[in-house]
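Asks: Quick one: structure below, then a few questions.
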Amino acid sequence: MNTVKILDKVFEPFITNETIDNAVEAIAQKMNQDLAGKDVVFVAILNGAFMFASDLFKKIDFSARITFVKMASYVGTSTSGSVKQLVGINEELKDKVVVIIEDIVDTGITIDLIIRQLKTYDPSEVRVASLLVKPEAMQKDVIVDYTGIEIPNRFIVGYGLDYNGYGRNLKEIFVLSETHN
């Protein structure tokens with residue numbers, strides 16, 4: 001993997017596609033054990049989680065449904081501090097096990113809001129699966145039930161994550177260069 005330039009920023013290789021795939025596989029195996037026989041609805045958070053949701057859902061070996069919501073909390077390379085729900089839930093969640101699929105949990109602000117909103121639909125339980133978690137950045141006390149990879153508090157792109165809308169299509173994850181920007 002080489003560095004990539006996206007708009008005005010340079011990003012360096014950070015997490016390989018193989019490492020991502022291994023993390024997705026590990027999460028799927030744990031879910032296949034934990035959730036078999038339960039009535040599960042996956043709620044994937046757009047836009048960032050679309051690649052993770054797709055790869056994960058293909059590895060799930062029990063019957064489940066999936067739906068998508070779109071949230072926004074980033075402007076450029078930093079969190080805006082406020083979250084707006086852009087697209088809502090269109091599935092029946094009452095008495096279901098809801099598993100939120102998120103690309104990254106950093107401050108916890110977005111996932112905390114999503115959990116609180118989903119609980120108003122009266123599910124039997126709400127769980128969180130996130131490919132990436134930034135423990136150093138956490139501002140809310142949220143539990144991530146299925147964590148793929150813990151990473152430092154750095155800005156990343158690729159595998160669904162973006163910089164101002166660009167870079168989502170990269171199959172690896174890149175970190176903002178501290179030497180080239």
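In the structure tokens, each chain is lettered A, B, ... as it comes, each chain's residues begin at 1, and ligands are numbered from 1 in order of appearance.
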Quick one: residues within 12 Å of A:Val4, only C-alpha atoms counted, chain neighbours fewer than 6 positions away excluded, as number ranges by chain?

Replies: A: 10-14, 156-158, 163, 166-167, 170, 172-177, 180-181

Asks: As an MDAnalysis selection string, please: every residue in stretch 4-178 of chain A that a backbone DSSP assignment puts in strand (DSSP E or B).

Replies: chainID A and resid 4:6 9:15 40:46 64:75 78:87 97:105 125:133 146:150 156:158 161 163 166 173:176

Asks: Report as a PDB file with C-alpha atoms, in the first residue's frame all protein, DNA and RNA residues lying within 12 Å of A:Lys140, evaluated on only C-alpha atoms, omitting residues in the same chain fewer than 2 positions from it.

Replies:
```pdb
ATOM      1  CA  VAL A 105     -17.043   4.424  17.390  1.00  0.00           C
ATOM      2  CA  ASP A 106     -14.845   7.279  18.512  1.00  0.00           C
ATOM      3  CA  THR A 107     -16.474   9.875  20.785  1.00  0.00           C
ATOM      4  CA  GLY A 108     -19.523   7.659  21.296  1.00  0.00           C
ATOM      5  CA  ILE A 109     -21.846  10.647  20.729  1.00  0.00           C
ATOM      6  CA  THR A 110     -23.446   9.224  17.585  1.00  0.00           C
ATOM      7  CA  ILE A 111     -23.806   5.649  18.830  1.00  0.00           C
ATOM      8  CA  ASP A 112     -25.234   6.848  22.170  1.00  0.00           C
ATOM      9  CA  LEU A 113     -27.915   8.829  20.323  1.00  0.00           C
ATOM     10  CA  ILE A 115     -29.027   3.489  20.985  1.00  0.00           C
ATOM     11  CA  LYS A 134     -11.102   4.613  19.398  1.00  0.00           C
ATOM     12  CA  PRO A 135     -11.014   4.119  23.195  1.00  0.00           C
ATOM     13  CA  GLU A 136      -8.936   7.308  23.730  1.00  0.00           C
ATOM     14  CA  ALA A 137     -11.596   9.473  22.072  1.00  0.00           C
ATOM     15  CA  MET A 138     -14.596   8.066  23.982  1.00  0.00           C
ATOM     16  CA  VAL A 142     -21.241   3.120  25.559  1.00  0.00           C
ATOM     17  CA  ILE A 143     -20.668  -0.613  25.302  1.00  0.00           C
ATOM     18  CA  VAL A 144     -19.485  -1.997  21.977  1.00  0.00           C
TER      19      VAL A 144
END
```

Asks: If DSSP is run on the backbone, what residues of stretch 19-172 of chain A are alpha helix (DSSP H)? A reply as number ranges by chain would be ideal.

Replies: A: 19-35, 50-59, 109-119

Asks: Write a file of the just-selected residues containing C-alpha atoms, as a short mmCIF file (atom, residue, chain, number, x, y, z; two decimals), in the first residue's frame.

Replies:
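Produced file selection28.cif, reproduced below:
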```cif
data_model
loop_
_atom_site.label_atom_id
_atom_site.label_comp_id
_atom_site.auth_asym_id
_atom_site.auth_seq_id
_atom_site.Cartn_x
_atom_site.Cartn_y
_atom_site.Cartn_z
CA THR A 19 -6.61 -7.47 8.67
CA ILE A 20 -10.06 -5.96 8.04
CA ASP A 21 -11.37 -9.26 6.67
CA ASN A 22 -10.01 -11.16 9.71
CA ALA A 23 -11.72 -8.70 12.07
CA VAL A 24 -15.04 -9.00 10.20
CA GLU A 25 -14.76 -12.80 10.29
CA ALA A 26 -14.11 -12.79 14.06
CA ILE A 27 -17.14 -10.55 14.69
CA ALA A 28 -19.33 -12.77 12.49
CA GLN A 29 -18.22 -15.94 14.29
CA LYS A 30 -19.05 -14.41 17.69
CA MET A 31 -22.44 -13.22 16.41
CA ASN A 32 -23.17 -16.64 14.90
CA GLN A 33 -22.66 -18.11 18.39
CA ASP A 34 -24.43 -15.37 20.38
CA LEU A 35 -27.43 -14.67 18.17
CA PHE A 50 -21.97 0.11 4.15
CA MET A 51 -18.85 -1.94 3.33
CA PHE A 52 -18.57 -3.42 6.81
CA ALA A 53 -22.31 -4.22 6.85
CA SER A 54 -22.12 -5.95 3.47
CA ASP A 55 -19.07 -8.05 4.36
CA LEU A 56 -20.42 -8.91 7.81
CA PHE A 57 -23.92 -9.82 6.61
CA LYS A 58 -22.46 -12.29 4.08
CA LYS A 59 -20.73 -14.12 6.95
CA ILE A 109 -21.85 10.65 20.73
CA THR A 110 -23.45 9.22 17.58
CA ILE A 111 -23.81 5.65 18.83
CA ASP A 112 -25.23 6.85 22.17
CA LEU A 113 -27.91 8.83 20.32
CA ILE A 114 -28.70 5.89 18.03
CA ILE A 115 -29.03 3.49 20.98
CA ARG A 116 -31.38 5.89 22.78
CA GLN A 117 -33.49 6.36 19.63
CA LEU A 118 -33.68 2.62 18.93
CA LYS A 119 -34.77 1.85 22.50
#
```

Asks: Record the distance separating atom CA of A:Val128 and atom CA of A:Asn153, expressed in Å with one decimal.

Replies: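 Distance between the two atoms: 19.7 Å.
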
Asks: Smallest atom-to-atom distance to A:Leu131: which of A:Gly48, A:Thr179, A:Val69, A:Lys38, using only C-alpha atoms?

Replies: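 Among the listed residues, the smallest separation from A:Leu131 belongs to A:Gly48.
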
Asks: Take atom CA of A:Gly160 and atom CA of A:Ile60 and report the distance between them in Å, one decimal.

Replies: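 According to the coordinates, atom CA of A:Gly160 and atom CA of A:Ile60 are separated by 19.8 Å.
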
Asks: List as a list of chain:residue names the protein and nucleic acid residues near A:Glu150, meaning an atom at most 8 Å away when only C-alpha atoms are counted, but skip any in the same chain fewer than 2 places from it.

Replies: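 Returned residues: A:Leu132, A:Val133, A:Lys134, A:Pro135, A:Thr147, A:Gly148, A:Pro152.
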
Asks: For those residues, write N, CA and C atoms to a file as an mmCIF file, in the first residue's frame.

Replies:
```cif
data_model
loop_
_atom_site.group_PDB
_atom_site.id
_atom_site.type_symbol
_atom_site.label_atom_id
_atom_site.label_comp_id
_atom_site.auth_asym_id
_atom_site.auth_seq_id
_atom_site.Cartn_x
_atom_site.Cartn_y
_atom_site.Cartn_z
ATOM 1 N N LEU A 132 -14.280 -0.551 13.961
ATOM 2 C CA LEU A 132 -13.192 0.187 14.605
ATOM 3 C C LEU A 132 -13.697 0.903 15.848
ATOM 4 N N VAL A 133 -12.853 0.954 16.875
ATOM 5 C CA VAL A 133 -13.170 1.682 18.102
ATOM 6 C C VAL A 133 -11.938 2.474 18.515
ATOM 7 N N LYS A 134 -12.166 3.739 18.892
ATOM 8 C CA LYS A 134 -11.102 4.613 19.398
ATOM 9 C C LYS A 134 -11.324 4.839 20.894
ATOM 10 N N PRO A 135 -10.780 3.971 21.750
ATOM 11 C CA PRO A 135 -11.014 4.119 23.195
ATOM 12 C C PRO A 135 -10.563 5.474 23.748
ATOM 13 N N THR A 147 -16.358 -5.690 18.798
ATOM 14 C CA THR A 147 -15.326 -4.768 18.315
ATOM 15 C C THR A 147 -14.382 -5.515 17.400
ATOM 16 N N GLY A 148 -14.128 -4.920 16.226
ATOM 17 C CA GLY A 148 -13.168 -5.514 15.304
ATOM 18 C C GLY A 148 -11.740 -5.160 15.684
ATOM 19 N N PRO A 152 -5.790 4.007 17.623
ATOM 20 C CA PRO A 152 -5.535 5.277 18.313
ATOM 21 C C PRO A 152 -6.437 6.377 17.760
#
```
